[in-house]
Amino acid sequence: DAGVTQSPTHLIKTRGQQVTLRCSPISGHKSVSWYQQVLGQGPQFIFQYYEKEERGRGNFPDRFSARQFPNYSSELNVNALLLGDSALYLCASSLGTSENNEQFFGPGTRLTVL
Amino acid sequence: ILNVEQSPQSLHVQEGDSTNFTCSFPSSNFYALHWYRWETAKSPEALFVMTLNGDEKKKGRISATLNTKEGYSYLYIKGSQPEDSATYLCAFIYNTDKLIFGTGTRLQVFP
């Protein structure tokens with residue numbers, strides 16, 4: 001079985017541009033969460049989606065948005081990119097939203113904003 | 001502001017040494033605590049999901065304990081091996097759908 005996949009693996013953008021990151025969960029998983037990891041810090045929670053609805057949102061500005069599709073894949077969009085948005089963006093899938101469900105992480109997308 | 005702290009930040013041990021790290025979290029609104037291992041160039045991998053005060057979990061040479069009343073969890077590695085070298089992250093889950101990761105403990109095991 002394939003694990004969580006993310007695309008692209010690397011991305012370079014300039015300030016002010018917009019970016020879309022993609023995530024495909026493990027088959028059968030209905031929940032997808034997004035995290036931002038800046039060097040030297042732990043991953044910061046951005047969003048959780050379950051059954052195509054937003055179930056949780058971290059402390060990120062409205063420039064960050066996401067959605068989940070009927071096949072449970074998900075996209076993370078970031079508008080008006082800032083230099084500080086440069087980070088590793090991780091996607092994780094789980095069976096549901098229960099705190100008992102361990103999350104399975106993808107390899108991440110490394111975003112560099114110049 | 002909720003804070004999850006991990007200590008130490010980094011640790012260097014010799015092969016065969018046993019070691020432990022701490023994750024401290026708020027003792028209110030507790031739902032669960034997760035431990036993850038993150039090897040360089042790989043994805044974070046779940047080690048334990050802990051929900052009950054007094055929980056003790058074990059996977060091979062790695063074990064973890066949980067004290068929700070005082071807000072801490074310990075991760076132990078017995079007889080460290082070079083392949084244990086990784087960053088160990090804890091994540092505190094509160095209000096069922098929100099979680100906060102600690103900054104991690106970076107473990108290096110030398111042969």
# chains A, B, ... in the order shown; residues from 1 in each chain; ligands from 1

$ residues_around --residues "Lys52 in chain A" --least-positions-apart "3" --cutoff "8 Å" --atoms "only C-alpha atoms" --output "PyMOL selection string"
chain A and resi 49+67-70+72

$ write_last_selection --atoms "C-alpha atoms" --output "CSV table (one decimal), in the first residue's frame"
chain,number,residue,atom,x,y,z
A,49,TYR,CA,-10.0,18.3,7.3
A,67,ARG,CA,-9.8,22.0,1.0
A,68,GLN,CA,-10.4,18.3,0.8
A,69,PHE,CA,-11.9,16.5,-2.2
A,70,PRO,CA,-14.4,13.6,-2.4
A,72,TYR,CA,-10.0,12.6,0.5

$ select_by_dssp --residues "chain A" --states "strand (DSSP E)" --output "PyMOL selection string"
chain A and resi 5-7+10-13+19-24+31-37+44-50+53-57+64-68+74-78+87-94+104-105+109-113

$ interface_residues --of "chain B" --to "chain A" --cutoff "12 Å" --atoms "only C-alpha atoms" --output "number ranges by chain"
B: 1-6, 9-10, 30-52, 87-106

$ residues_around --residues "Asp85 in chain A" --least-positions-apart "3" --cutoff "10 Å" --atoms "only C-alpha atoms" --output "PyMOL selection string"
chain A and resi 15+36-38+78+80-82+88-89+111-114

$ atom_distance --atom1 "CA of Gln14 in chain B" --atom2 "CA of Ser80 in chain B"
7.4 Å

$ atom_distance --atom1 "CA of Arg110 in chain A" --atom2 "CA of Thr5 in chain A"
13.5 Å

$ atom_distance --atom1 "CA of Asp84 in chain B" --atom2 "CA of Ser24 in chain B"
21.9 Å

$ residues_around --residues "Gly71 in chain B" --least-positions-apart "5" --cutoff "9 Å" --atoms "only C-alpha atoms" --output "number ranges by chain"
B: 23-28, 30, 66

$ write_last_selection --atoms "C-alpha atoms" --output "tab-separated table (two decimals), in the first residue's frame"
chain	number	residue	atom	x	y	z
B	23	CYS	CA	7.84	16.15	27.18
B	24	SER	CA	6.03	18.72	29.34
B	25	PHE	CA	2.54	19.90	28.43
B	26	PRO	CA	-0.42	21.76	29.98
B	27	SER	CA	-2.35	19.56	32.40
B	28	SER	CA	-5.75	21.02	31.41
B	30	PHE	CA	-5.79	16.98	27.81
B	66	LEU	CA	2.34	9.42	30.84
